[in-house]
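Engineer: Input structure: work05.txt, which contains compact mmCIF, C-alpha atoms (C1' of nucleotides).
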```txt
# COMPACT_ATOMS: atom_id res chain seq x y z
CA MET A 1 -18.01 -4.16 -83.54
CA ASN A 2 -20.00 -6.92 -85.12
CA ILE A 3 -19.69 -10.56 -85.93
CA GLN A 4 -19.02 -10.04 -89.65
CA HIS A 5 -16.13 -7.80 -88.71
CA LEU A 6 -14.58 -10.66 -86.74
CA ILE A 7 -15.05 -13.09 -89.59
CA ASP A 8 -13.40 -10.66 -91.98
CA LYS A 9 -10.42 -10.63 -89.68
CA GLY A 10 -10.02 -14.33 -90.39
CA LEU A 11 -11.06 -15.65 -87.00
CA LYS A 12 -12.06 -19.28 -86.85
CA LEU A 13 -15.64 -20.37 -86.97
CA LYS A 14 -16.67 -23.51 -85.13
CA ASN A 15 -19.85 -25.57 -85.32
CA TYR A 16 -21.54 -27.03 -82.28
CA PRO A 17 -24.55 -29.31 -82.73
CA LYS A 18 -27.48 -29.05 -80.35
CA ASP A 19 -26.53 -30.25 -76.84
CA ALA A 20 -22.80 -30.06 -77.51
CA VAL A 21 -20.76 -28.91 -74.52
CA ILE A 22 -18.64 -25.85 -75.31
CA TYR A 23 -16.86 -25.82 -71.96
CA GLU A 24 -17.17 -27.33 -68.50
CA PRO A 25 -16.48 -26.24 -64.94
CA GLY A 26 -12.85 -26.52 -63.95
CA MET A 27 -11.47 -25.94 -67.46
CA GLN A 28 -8.96 -23.13 -67.80
CA PRO A 29 -10.44 -20.46 -70.08
CA ARG A 30 -8.60 -19.82 -73.34
CA PHE A 31 -11.26 -18.29 -75.59
CA VAL A 32 -14.15 -15.92 -75.80
CA TYR A 33 -17.06 -17.13 -77.91
CA PHE A 34 -19.12 -14.92 -80.22
CA ILE A 35 -22.36 -16.43 -81.44
CA LYS A 36 -22.78 -16.16 -85.19
CA SER A 37 -25.93 -18.26 -85.10
CA GLY A 38 -27.73 -20.46 -82.63
CA GLU A 39 -28.18 -20.26 -78.88
CA VAL A 40 -26.28 -21.35 -75.84
CA ARG A 41 -27.14 -21.90 -72.17
CA MET A 42 -24.78 -21.47 -69.27
CA ILE A 43 -25.65 -23.70 -66.33
CA THR A 44 -24.15 -24.75 -63.04
CA VAL A 45 -24.92 -28.18 -61.63
CA SER A 46 -24.92 -28.95 -57.90
CA ASP A 47 -23.48 -32.12 -56.37
CA GLU A 48 -27.00 -33.56 -56.25
CA GLY A 49 -27.49 -32.86 -59.94
CA LYS A 50 -29.73 -29.83 -59.66
CA GLU A 51 -29.26 -27.43 -62.58
CA PHE A 52 -29.28 -23.67 -62.36
CA ILE A 53 -29.45 -21.48 -65.47
CA GLN A 54 -26.84 -18.75 -65.11
CA GLY A 55 -27.67 -17.25 -68.48
CA VAL A 56 -28.81 -17.78 -72.05
CA PHE A 57 -26.87 -16.27 -74.95
CA LYS A 58 -28.25 -15.69 -78.42
CA THR A 59 -27.09 -14.74 -81.90
CA GLY A 60 -24.88 -11.65 -81.78
CA GLN A 61 -23.96 -12.07 -78.13
CA TYR A 62 -20.75 -13.40 -76.63
CA PHE A 63 -19.83 -15.33 -73.51
CA GLY A 64 -16.93 -16.68 -71.53
CA GLU A 65 -15.10 -13.38 -70.97
CA PRO A 66 -15.29 -12.99 -67.20
CA ALA A 67 -13.43 -16.19 -66.38
CA LEU A 68 -10.86 -15.44 -69.08
CA LEU A 69 -10.32 -11.87 -67.93
CA ILE A 70 -9.71 -12.76 -64.31
CA ASP A 71 -7.92 -15.97 -65.23
CA ARG A 72 -9.98 -18.37 -63.15
CA PRO A 73 -11.37 -21.77 -64.16
CA TYR A 74 -14.94 -21.80 -65.43
CA LEU A 75 -17.70 -22.31 -62.88
CA ALA A 76 -20.37 -23.37 -65.34
CA PHE A 77 -21.17 -25.63 -68.24
CA THR A 78 -21.94 -23.95 -71.53
CA ILE A 79 -24.10 -26.03 -73.80
CA ALA A 80 -25.61 -25.41 -77.25
CA ASN A 81 -29.40 -25.08 -77.03
CA LYS A 82 -29.58 -25.43 -80.83
CA ASP A 83 -27.10 -26.11 -83.58
CA SER A 84 -24.77 -23.13 -83.28
CA GLN A 85 -21.93 -21.44 -85.11
CA LEU A 86 -19.45 -19.78 -82.79
CA ILE A 87 -16.48 -17.56 -83.50
CA VAL A 88 -13.71 -18.63 -81.21
CA VAL A 89 -11.48 -15.71 -80.23
CA ASN A 90 -8.30 -16.43 -78.33
CA LYS A 91 -7.03 -14.45 -75.40
CA GLU A 92 -4.56 -12.26 -77.28
CA ASP A 93 -7.04 -11.39 -80.01
CA PHE A 94 -9.67 -10.59 -77.41
CA PHE A 95 -7.32 -8.28 -75.54
CA LYS A 96 -6.38 -6.60 -78.83
CA LEU A 97 -10.06 -6.09 -79.50
CA ILE A 98 -10.50 -4.32 -76.17
CA LYS A 99 -7.40 -2.19 -76.67
CA ASN A 100 -7.87 -1.23 -80.30
CA GLU A 101 -11.62 -0.95 -80.59
CA PRO A 102 -12.83 1.65 -78.12
CA ASP A 103 -16.43 1.04 -79.15
CA PHE A 104 -16.13 -2.61 -78.31
CA SER A 105 -14.57 -1.87 -74.97
CA MET A 106 -17.47 0.42 -74.09
CA GLU A 107 -19.97 -2.12 -75.31
CA LEU A 108 -18.32 -4.80 -73.18
CA ILE A 109 -18.50 -2.63 -70.09
CA ARG A 110 -22.21 -2.10 -70.69
CA THR A 111 -22.81 -5.79 -71.27
CA LEU A 112 -21.03 -6.75 -68.07
CA SER A 113 -23.01 -4.10 -66.18
CA LYS A 114 -26.25 -5.46 -67.51
CA ARG A 115 -25.43 -8.99 -66.49
CA LEU A 116 -24.34 -7.78 -63.08
CA PHE A 117 -27.62 -6.00 -62.69
CA TYR A 118 -29.56 -9.13 -63.50
CA LYS A 119 -27.51 -11.23 -61.09
CA SER A 120 -27.91 -8.70 -58.30
CA MET A 121 -31.65 -8.76 -58.82
CA MET A 122 -31.76 -12.56 -58.77
CA LEU A 123 -29.50 -12.79 -55.72
CA GLU A 124 -31.86 -10.56 -53.79
CA GLU A 125 -34.75 -12.75 -54.88
CA LEU A 126 -33.09 -16.05 -54.02
CA ALA A 127 -31.77 -14.76 -50.71
CA SER A 128 -34.89 -13.07 -49.43
CA GLU A 129 -38.10 -13.65 -51.33
CA LYS A 130 -40.41 -16.59 -51.39
CA ALA A 131 -41.49 -18.70 -54.34
CA ASP A 132 -44.32 -16.58 -55.78
CA HIS A 133 -42.38 -13.33 -55.56
CA ARG A 134 -39.36 -14.89 -57.23
CA LEU A 135 -41.49 -16.29 -59.99
CA LEU A 136 -43.25 -13.00 -60.65
CA THR A 137 -39.89 -11.24 -60.81
CA ILE A 138 -38.32 -13.44 -63.50
CA ILE A 139 -41.57 -13.63 -65.40
CA ASN A 140 -41.76 -9.84 -65.57
CA TYR A 141 -38.10 -9.71 -66.47
CA LEU A 142 -38.59 -12.18 -69.32
CA LEU A 143 -41.75 -10.40 -70.49
CA GLY A 144 -39.60 -7.29 -70.98
CA ASP A 145 -38.02 -8.93 -74.03
CA ILE A 146 -41.22 -9.66 -75.95
CA ASN A 147 -44.18 -7.77 -77.44
CA VAL A 148 -47.70 -7.42 -76.13
CA GLY A 149 -49.84 -10.41 -77.07
CA GLU A 150 -46.87 -12.71 -77.48
CA ASN A 151 -46.22 -15.50 -75.01
CA LEU A 152 -43.15 -16.67 -73.15
CA LYS A 153 -41.46 -19.57 -74.83
CA VAL A 154 -40.16 -20.95 -71.57
CA THR A 155 -41.08 -24.22 -69.90
CA ARG A 156 -41.91 -24.44 -66.22
CA GLN A 157 -38.81 -26.55 -65.78
CA GLU A 158 -36.74 -23.70 -67.18
CA LEU A 159 -38.40 -21.23 -64.83
CA ALA A 160 -37.57 -23.65 -62.03
CA ASP A 161 -33.94 -23.79 -63.15
CA MET A 162 -33.74 -19.99 -63.21
CA THR A 163 -35.26 -19.48 -59.77
CA GLY A 164 -33.85 -22.39 -57.82
CA LEU A 165 -37.34 -23.81 -57.33
CA ARG A 166 -38.76 -27.19 -58.36
CA VAL A 167 -41.12 -27.73 -61.27
CA GLU A 168 -44.06 -28.61 -59.04
CA THR A 169 -43.58 -25.41 -57.08
CA VAL A 170 -43.39 -23.37 -60.28
CA ILE A 171 -46.57 -25.00 -61.62
CA ARG A 172 -48.46 -24.28 -58.39
CA GLY A 173 -46.97 -20.80 -58.15
CA ILE A 174 -47.96 -19.82 -61.67
CA LYS A 175 -51.50 -20.95 -61.02
CA ILE A 176 -51.68 -18.76 -57.93
CA LEU A 177 -50.23 -15.75 -59.76
CA ALA A 178 -52.79 -16.24 -62.53
CA GLU A 179 -55.64 -16.52 -60.01
CA LYS A 180 -54.48 -13.29 -58.40
CA GLY A 181 -54.50 -11.69 -61.84
CA LEU A 182 -50.80 -10.88 -61.65
CA ILE A 183 -50.09 -12.78 -64.87
CA LYS A 184 -52.18 -13.97 -67.79
CA ILE A 185 -52.13 -17.58 -68.95
CA LEU A 186 -53.39 -18.69 -72.34
CA LYS A 187 -53.28 -22.35 -73.30
CA GLY A 188 -50.72 -22.92 -70.58
CA LYS A 189 -48.42 -20.16 -71.85
CA ILE A 190 -47.72 -16.89 -70.05
CA VAL A 191 -48.77 -14.00 -72.28
CA LYS A 192 -47.74 -10.36 -72.14
CA LEU A 193 -50.61 -7.89 -71.95
CA MET B 1 -5.61 5.36 -62.46
CA ASN B 2 -5.68 6.08 -58.79
CA ILE B 3 -7.58 8.18 -56.31
CA GLN B 4 -4.93 10.89 -56.01
CA HIS B 5 -5.08 11.30 -59.75
CA LEU B 6 -8.79 12.05 -59.50
CA ILE B 7 -8.27 14.54 -56.69
CA ASP B 8 -5.59 16.30 -58.73
CA LYS B 9 -8.16 16.68 -61.47
CA GLY B 10 -10.19 18.77 -59.07
CA LEU B 11 -13.05 16.33 -58.50
CA LYS B 12 -15.17 16.92 -55.46
CA LEU B 13 -14.62 15.07 -52.25
CA LYS B 14 -17.57 14.32 -50.02
CA ASN B 15 -17.74 13.14 -46.41
CA TYR B 16 -20.21 10.52 -45.22
CA PRO B 17 -20.38 9.72 -41.51
CA LYS B 18 -20.85 6.12 -40.40
CA ASP B 19 -24.33 4.82 -41.30
CA ALA B 20 -25.00 7.65 -43.78
CA VAL B 21 -26.96 6.54 -46.83
CA ILE B 22 -25.15 7.33 -50.07
CA TYR B 23 -27.99 6.25 -52.32
CA GLU B 24 -31.23 4.28 -52.14
CA PRO B 25 -33.20 1.96 -54.41
CA GLY B 26 -35.25 3.76 -56.99
CA MET B 27 -32.95 6.78 -57.27
CA GLN B 28 -31.73 7.61 -60.75
CA PRO B 29 -27.93 7.20 -60.84
CA ARG B 30 -25.89 10.33 -61.54
CA PHE B 31 -22.49 9.56 -60.05
CA VAL B 32 -19.83 6.95 -59.59
CA TYR B 33 -18.22 6.91 -56.16
CA PHE B 34 -14.52 6.30 -55.54
CA ILE B 35 -13.59 5.56 -51.94
CA LYS B 36 -10.71 7.69 -50.70
CA SER B 37 -11.10 6.36 -47.18
CA GLY B 38 -13.63 4.35 -45.24
CA GLU B 39 -15.90 1.48 -46.19
CA VAL B 40 -19.32 1.08 -47.69
CA ARG B 41 -21.87 -1.73 -47.83
CA MET B 42 -24.36 -2.30 -50.60
CA ILE B 43 -27.53 -4.00 -49.42
CA THR B 44 -30.96 -4.84 -50.73
CA VAL B 45 -33.89 -5.04 -48.34
CA SER B 46 -36.93 -7.24 -48.95
CA ASP B 47 -40.51 -6.18 -48.26
CA GLU B 48 -40.35 -8.03 -44.94
CA GLY B 49 -37.22 -6.12 -43.97
CA LYS B 50 -34.69 -8.86 -44.54
CA GLU B 51 -31.30 -7.48 -45.60
CA PHE B 52 -28.99 -9.01 -48.15
CA ILE B 53 -25.39 -7.86 -48.54
CA GLN B 54 -24.73 -7.38 -52.26
CA GLY B 55 -21.19 -6.24 -51.68
CA VAL B 56 -18.72 -4.39 -49.47
CA PHE B 57 -16.40 -1.76 -50.91
CA LYS B 58 -13.20 -0.54 -49.31
CA THR B 59 -10.60 2.18 -49.69
CA GLY B 60 -9.40 2.42 -53.29
CA GLN B 61 -12.47 0.73 -54.74
CA TYR B 62 -15.43 2.30 -56.51
CA PHE B 63 -19.11 1.51 -56.78
CA GLY B 64 -22.31 2.57 -58.47
CA GLU B 65 -21.16 2.20 -62.07
CA PRO B 66 -23.41 -0.59 -63.35
CA ALA B 67 -26.68 1.24 -62.73
CA LEU B 68 -25.20 4.44 -64.18
CA LEU B 69 -23.85 2.70 -67.26
CA ILE B 70 -27.10 1.02 -68.17
CA ASP B 71 -29.15 3.96 -67.00
CA ARG B 72 -31.45 2.11 -64.62
CA PRO B 73 -32.51 3.12 -61.11
CA TYR B 74 -30.48 1.67 -58.26
CA LEU B 75 -31.62 -1.65 -56.82
CA ALA B 76 -29.76 -1.34 -53.53
CA PHE B 77 -28.97 0.89 -50.62
CA THR B 78 -25.38 1.98 -50.23
CA ILE B 79 -24.46 2.84 -46.66
CA ALA B 80 -21.21 3.94 -45.02
CA ASN B 81 -19.89 1.21 -42.71
CA LYS B 82 -17.46 3.75 -41.21
CA ASP B 83 -16.87 7.47 -41.64
CA SER B 84 -15.90 7.69 -45.29
CA GLN B 85 -14.49 10.14 -47.80
CA LEU B 86 -15.81 9.57 -51.30
CA ILE B 87 -14.87 11.17 -54.58
CA VAL B 88 -18.05 11.83 -56.47
CA VAL B 89 -17.57 11.56 -60.22
CA ASN B 90 -20.39 12.62 -62.48
CA LYS B 91 -21.53 10.77 -65.55
CA GLU B 92 -19.65 12.83 -68.14
CA ASP B 93 -16.38 12.72 -66.20
CA PHE B 94 -16.76 8.98 -65.72
CA PHE B 95 -17.33 8.43 -69.42
CA LYS B 96 -14.30 10.61 -70.19
CA LEU B 97 -12.29 8.48 -67.80
CA ILE B 98 -13.25 5.34 -69.68
CA LYS B 99 -12.58 6.90 -73.08
CA ASN B 100 -9.31 8.64 -72.29
CA GLU B 101 -7.66 6.31 -69.84
CA PRO B 102 -7.26 2.92 -71.48
CA ASP B 103 -5.76 1.47 -68.31
CA PHE B 104 -8.80 2.45 -66.34
CA SER B 105 -11.11 0.98 -68.89
CA MET B 106 -9.27 -2.34 -68.70
CA GLU B 107 -9.26 -2.21 -64.93
CA LEU B 108 -12.99 -1.58 -64.92
CA ILE B 109 -13.63 -4.55 -67.18
CA ARG B 110 -11.63 -6.76 -64.82
CA THR B 111 -13.44 -5.42 -61.78
CA LEU B 112 -16.84 -6.03 -63.32
CA SER B 113 -15.75 -9.54 -64.31
CA LYS B 114 -14.64 -10.28 -60.79
CA ARG B 115 -17.93 -9.13 -59.30
CA LEU B 116 -19.83 -11.14 -61.88
CA PHE B 117 -17.83 -14.18 -60.94
CA TYR B 118 -18.66 -13.76 -57.28
CA LYS B 119 -22.35 -13.26 -58.00
CA SER B 120 -22.49 -16.31 -60.26
CA MET B 121 -20.93 -18.37 -57.51
CA MET B 122 -23.39 -17.09 -54.93
CA LEU B 123 -26.36 -17.57 -57.23
CA GLU B 124 -25.44 -21.21 -57.68
CA GLU B 125 -25.16 -21.57 -53.91
CA LEU B 126 -28.45 -19.85 -53.12
CA ALA B 127 -30.30 -21.66 -55.87
CA SER B 128 -29.04 -25.17 -55.25
CA GLU B 129 -27.05 -25.76 -52.11
CA LYS B 130 -28.13 -26.16 -48.55
CA ALA B 131 -27.13 -24.11 -45.52
CA ASP B 132 -23.82 -25.75 -44.56
CA HIS B 133 -22.51 -25.85 -48.10
CA ARG B 134 -23.39 -22.19 -48.64
CA LEU B 135 -21.70 -21.23 -45.43
CA LEU B 136 -18.53 -23.11 -46.20
CA THR B 137 -18.40 -21.48 -49.61
CA ILE B 138 -18.53 -17.86 -48.43
CA ILE B 139 -16.26 -18.62 -45.50
CA ASN B 140 -13.63 -20.01 -47.84
CA TYR B 141 -14.17 -17.09 -50.17
CA LEU B 142 -13.66 -14.60 -47.34
CA LEU B 143 -10.65 -16.51 -46.01
CA GLY B 144 -9.02 -15.92 -49.38
CA ASP B 145 -8.53 -12.28 -48.45
CA ILE B 146 -6.63 -12.78 -45.20
CA ASN B 147 -3.39 -14.40 -43.98
CA VAL B 148 -2.87 -17.69 -42.19
CA GLY B 149 -3.48 -17.34 -38.44
CA GLU B 150 -5.70 -14.30 -38.83
CA ASN B 151 -9.40 -14.52 -38.19
CA LEU B 152 -12.47 -13.36 -40.06
CA LYS B 153 -13.78 -10.07 -38.78
CA VAL B 154 -17.34 -10.92 -39.75
CA THR B 155 -20.30 -11.44 -37.46
CA ARG B 156 -22.66 -14.35 -37.84
CA GLN B 157 -25.37 -11.87 -38.69
CA GLU B 158 -23.26 -10.62 -41.59
CA LEU B 159 -22.68 -14.18 -42.79
CA ALA B 160 -26.45 -14.63 -42.60
CA ASP B 161 -26.97 -11.47 -44.66
CA MET B 162 -24.53 -12.70 -47.30
CA THR B 163 -26.04 -16.17 -47.63
CA GLY B 164 -29.74 -15.49 -47.23
CA LEU B 165 -29.83 -17.56 -44.06
CA ARG B 166 -30.85 -16.52 -40.54
CA VAL B 167 -28.43 -15.95 -37.68
CA GLU B 168 -29.52 -19.01 -35.75
CA THR B 169 -28.96 -21.18 -38.80
CA VAL B 170 -25.51 -19.66 -39.34
CA ILE B 171 -24.58 -20.22 -35.68
CA ARG B 172 -25.67 -23.86 -35.82
CA GLY B 173 -24.08 -24.34 -39.23
CA ILE B 174 -20.71 -22.99 -38.13
CA LYS B 175 -20.71 -25.32 -35.16
CA ILE B 176 -21.32 -28.29 -37.42
CA LEU B 177 -18.60 -27.23 -39.87
CA ALA B 178 -16.17 -26.85 -36.96
CA GLU B 179 -17.11 -30.28 -35.59
CA LYS B 180 -16.50 -31.79 -39.01
CA GLY B 181 -13.10 -30.09 -39.04
CA LEU B 182 -13.93 -28.12 -42.16
CA ILE B 183 -13.23 -24.82 -40.40
CA LYS B 184 -11.32 -23.78 -37.30
CA ILE B 185 -12.92 -21.65 -34.59
CA LEU B 186 -10.92 -19.77 -31.96
CA LYS B 187 -12.68 -17.70 -29.34
CA GLY B 188 -15.78 -17.67 -31.51
CA LYS B 189 -13.88 -16.36 -34.54
CA ILE B 190 -13.20 -18.30 -37.72
CA VAL B 191 -9.43 -18.55 -38.26
CA LYS B 192 -7.50 -19.29 -41.42
CA LEU B 193 -5.06 -22.17 -41.14
C1' DC C 1 -54.70 -37.86 -87.85
C1' DC C 2 -52.02 -41.02 -84.76
C1' DT C 3 -48.33 -41.82 -81.56
C1' DC C 4 -45.16 -41.05 -78.12
C1' DA C 5 -42.35 -38.09 -75.54
C1' DA C 6 -42.30 -34.04 -73.26
C1' DA C 7 -44.66 -30.82 -70.54
C1' DC C 8 -48.23 -29.87 -67.25
C1' DA C 9 -51.01 -31.01 -63.10
C1' DT C 10 -52.39 -32.53 -58.44
C1' DG C 11 -52.54 -34.93 -54.10
C1' DA C 12 -50.01 -36.82 -49.81
C1' DC C 13 -46.34 -36.70 -47.30
C1' DC C 14 -41.68 -34.96 -45.06
C1' DT C 15 -37.78 -32.21 -43.78
C1' DA C 16 -34.49 -28.12 -43.67
C1' DG C 17 -34.46 -24.10 -42.01
C1' DA C 18 -37.38 -20.21 -40.27
C1' DT C 19 -39.39 -18.41 -36.22
C1' DC C 20 -39.85 -17.49 -31.34
C1' DA C 21 -38.19 -17.29 -26.79
C1' DT C 22 -34.76 -16.95 -23.54
C1' DA C 23 -30.12 -16.68 -21.78
C1' DA C 24 -24.94 -16.63 -21.73
C1' DA C 25 -20.77 -14.54 -23.41
C1' DT C 26 -18.14 -10.75 -25.67
C1' DT C 27 -17.06 -6.14 -26.76
C1' DG C 28 -16.48 -1.38 -26.52
C1' DG C 29 -17.01 3.05 -24.39
C1' DT C 30 -16.43 5.95 -20.05
C1' DA D 1 -13.05 -2.35 -14.17
C1' DC D 2 -17.98 -1.75 -15.09
C1' DC D 3 -22.13 -1.57 -17.59
C1' DA D 4 -24.92 -1.53 -21.73
C1' DA D 5 -25.21 -3.13 -26.09
C1' DT D 6 -24.11 -6.37 -29.26
C1' DT D 7 -23.14 -10.98 -30.46
C1' DT D 8 -23.35 -15.88 -29.70
C1' DA D 9 -25.88 -19.84 -28.11
C1' DT D 10 -29.64 -23.36 -27.57
C1' DG D 11 -34.08 -25.46 -27.24
C1' DA D 12 -39.02 -25.89 -28.99
C1' DT D 13 -42.08 -25.26 -32.49
C1' DC D 14 -43.94 -24.32 -37.30
C1' DT D 15 -44.20 -24.13 -42.30
C1' DA D 16 -42.90 -23.32 -47.22
C1' DG D 17 -41.44 -25.82 -50.40
C1' DG D 18 -39.20 -30.19 -51.49
C1' DT D 19 -40.05 -35.03 -52.60
C1' DC D 20 -42.62 -38.87 -54.40
C1' DA D 21 -46.20 -40.95 -56.88
C1' DT D 22 -49.44 -41.00 -60.31
C1' DG D 23 -52.16 -38.96 -63.74
C1' DT D 24 -53.58 -35.82 -67.85
C1' DT D 25 -52.64 -32.68 -71.60
C1' DT D 26 -50.01 -30.96 -75.49
C1' DG D 27 -47.58 -30.94 -79.62
C1' DA D 28 -44.05 -32.43 -83.09
C1' DG D 29 -42.86 -35.98 -86.42
C1' DG D 30 -44.25 -39.92 -89.28
```
Could you rewrite the structure in this file as structure tokens?
Structural biologist:
Amino acid sequence: MNIQHLIDKGLKLKNYPKDAVIYEPGMQPRFVYFIKSGEVRMITVSDEGKEFIQGVFKTGQYFGEPALLIDRPYLAFTIANKDSQLIVVNKEDFFKLIKNEPDFSMELIRTLSKRLFYKSMMLEELASEKADHRLLTIINYLLGDINVGENLKVTRQELADMTGLRVETVIRGIKILAEKGLIKILKGKIVKL
Amino acid sequence: MNIQHLIDKGLKLKNYPKDAVIYEPGMQPRFVYFIKSGEVRMITVSDEGKEFIQGVFKTGQYFGEPALLIDRPYLAFTIANKDSQLIVVNKEDFFKLIKNEPDFSMELIRTLSKRLFYKSMMLEELASEKADHRLLTIINYLLGDINVGENLKVTRQELADMTGLRVETVIRGIKILAEKGLIKILKGKIVKL
DNA sequence: CCTCAAACATGACCTAGATCATAAATTGGT
DNA sequence: ACCAATTTATGATCTAGGTCATGTTTGAGG
């Protein structure tokens, strides 16, 4: 189950420029989106305008299934982080995919499990832990994706939007974590060691 | 795909008395648990001992798959809320179930999607909204499961453990919501109207 | 190598909700 | 119906982190 496979099947490709909104809260879901190229962020926005990053999806990944599968309006905005090419798969085709491609079905189950795992972890953090602990947890989580010596390409604002904190708190928190030796900062960037 | 079907297949049934621990954080997952009877709560506990209710599972439901599927140690405790009979399905049998029973596989995908939806909603609440808003959100969510005139069989402590708040805050918050007419209280219990 | 916007940084408050203490009201088991 | 345990209630503090204000540093594009 890969993107090329979907293209071969004649599914439509759609272009979204950076910052384009793919869907908004309240909309009834009709498609699942596979990312051929680019990157997308899924965010919820509170009444007071505070943003929370629910997830980031990159080339090769897909998004939008849960709402479609349980037939409930979207909760989040999905916005292109960069110019992106998405394969738009409608409901029937997506269901066919699940039915006829056992590998895809298994892969989907694993993907949903992984996301659930991440959300459970974050819920525990937001519900029970204080700023520094929260910060250290996402930082370590994000460091898992990169190699030793590399640094996190994430702004403090983004960390704030992933943890429910405010930038100032993230800035102060990161300094404390660095002082305690729990993370390593180089030129302002968090590096994996 | 139902419980009887699993029993017919000769899968083992295990009894857990009220308050028995089914699994703990850090354990490597080996089984998926189907609830024949009883009820189970999944909770995470912070270093300072604060509990957070990740989910409650009832007769006919199952739990423990995500960690098993992605092969990561459990994050949570799972504890019997009442005396419970569980069908313990090992990894291979569970994978067979997914492969050979297309209906089950679809059902699982829907179940995971539903849980993901709930967790996304709660994450947004915990990250961005203040006490009263959070409270109103889970209350309305919980009211969705019962009939008009019935009341929520949930203590304020449990609401606290689902929202990351403290009992006192929940008690005060509920009073405010009732005063504003956003919920109805009868004999201390929240009723659906 | 400039320039300007974005990203960091830091100090001085302020407030929602935690914490602590104490007591009244329900509930369930015998 | 009674008693112990649990749950609800309320007032008095305290504090982590939000908010606001005002810099400084960094880095991408001309």
Engineer: What's the separation between atom CA of B:Thr155 and atom CA of B:Ile183, in Å to one decimal place?
Structural biologist: 15.4 Å
Engineer: Please check the contacts: residues of chain B at most 7 Å away from chain A, using all atoms listed in the file, listed as a CSV table (one decimal) with C-alpha atoms, in the frame of the given file.
Structural biologist:
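Saved the output as out-v8.csv:
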```csv
chain,number,residue,atom,x,y,z
B,44,THR,CA,-31.0,-4.8,-50.7
B,46,SER,CA,-36.9,-7.2,-49.0
B,50,LYS,CA,-34.7,-8.9,-44.5
B,52,PHE,CA,-29.0,-9.0,-48.2
B,54,GLN,CA,-24.7,-7.4,-52.3
B,66,PRO,CA,-23.4,-0.6,-63.4
B,69,LEU,CA,-23.8,2.7,-67.3
B,70,ILE,CA,-27.1,1.0,-68.2
B,109,ILE,CA,-13.6,-4.6,-67.2
B,110,ARG,CA,-11.6,-6.8,-64.8
B,112,LEU,CA,-16.8,-6.0,-63.3
B,113,SER,CA,-15.8,-9.5,-64.3
B,114,LYS,CA,-14.6,-10.3,-60.8
B,116,LEU,CA,-19.8,-11.1,-61.9
B,117,PHE,CA,-17.8,-14.2,-60.9
B,119,LYS,CA,-22.4,-13.3,-58.0
B,120,SER,CA,-22.5,-16.3,-60.3
B,123,LEU,CA,-26.4,-17.6,-57.2
B,124,GLU,CA,-25.4,-21.2,-57.7
B,126,LEU,CA,-28.4,-19.8,-53.1
B,127,ALA,CA,-30.3,-21.7,-55.9
B,128,SER,CA,-29.0,-25.2,-55.2
B,129,GLU,CA,-27.0,-25.8,-52.1
B,163,THR,CA,-26.0,-16.2,-47.6
B,164,GLY,CA,-29.7,-15.5,-47.2
```
Engineer: What are the nearest atom pairs, with distances in Å to one decimal, for all residues of chain B that come at most 9 Å from chain C, using all atoms listed in the file, set out by chain and rising residue number as CSV?
Structural biologist:
```
residue,atom,partner,partner_atom,distance
B:Lys130,CA,C:DA16,C1',8.3
B:Ala131,CA,C:DG17,C1',8.1
B:Leu165,CA,C:DG17,C1',8.3
B:Arg166,CA,C:DA18,C1',7.5
B:Thr169,CA,C:DG17,C1',7.0
```
Engineer: Rounded to one decimal, what separation in Å do you get between atom CA of B:Leu86 and atom CA of B:Gly26?
Structural biologist: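 That distance, rounded to one decimal, is 21.1 Å.
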Engineer: Find the spatial neighbours of stretch 173-178 of chain B, counting all atoms listed in the file, within a cut-off of 9 Å - ignore same-chain residues fewer than 6 positions away - and output them as a PDB file with C-alpha atoms, keeping the file's coordinate frame.
Structural biologist:
```
ATOM      1  CA  ALA B 131     -27.130 -24.110 -45.520  1.00  0.00           C
ATOM      2  CA  ASP B 132     -23.820 -25.750 -44.560  1.00  0.00           C
ATOM      3  CA  LEU B 135     -21.700 -21.230 -45.430  1.00  0.00           C
ATOM      4  CA  LEU B 136     -18.530 -23.110 -46.200  1.00  0.00           C
ATOM      5  CA  ARG B 156     -22.660 -14.350 -37.840  1.00  0.00           C
ATOM      6  CA  LYS B 184     -11.320 -23.780 -37.300  1.00  0.00           C
ATOM      7  CA  ILE B 185     -12.920 -21.650 -34.590  1.00  0.00           C
ATOM      8  CA  ILE B 190     -13.200 -18.300 -37.720  1.00  0.00           C
TER       9      ILE B 190
END
```
Engineer: Based on only C-alpha atoms (C1' of nucleotides), which of the residues in chain D come within 12 Å of chain A? I want them as a list in words.
Structural biologist: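 Per the criterion, chain D yields DA16, DG17, DG18, DT19, DC20, DT25 and DT26 of chain D.
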Engineer: Using only C-alpha atoms (C1' of nucleotides), please write the residues we just selected to a file, as a PDB file, in the frame of the given file.
Structural biologist:
```pdb
ATOM      1  C1'  DA D  16     -42.900 -23.320 -47.220  1.00  0.00           C
ATOM      2  C1'  DG D  17     -41.440 -25.820 -50.400  1.00  0.00           C
ATOM      3  C1'  DG D  18     -39.200 -30.190 -51.490  1.00  0.00           C
ATOM      4  C1'  DT D  19     -40.050 -35.030 -52.600  1.00  0.00           C
ATOM      5  C1'  DC D  20     -42.620 -38.870 -54.400  1.00  0.00           C
ATOM      6  C1'  DT D  25     -52.640 -32.680 -71.600  1.00  0.00           C
ATOM      7  C1'  DT D  26     -50.010 -30.960 -75.490  1.00  0.00           C
TER       8       DT D  26
END
```
Engineer: Give me, please, the distance in Å between atom CA of A:Leu193 and atom CA of A:Thr137, quoted to one decimal.
Structural biologist: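 Taking atom CA of A:Leu193 and atom CA of A:Thr137, their separation equals 15.8 Å.
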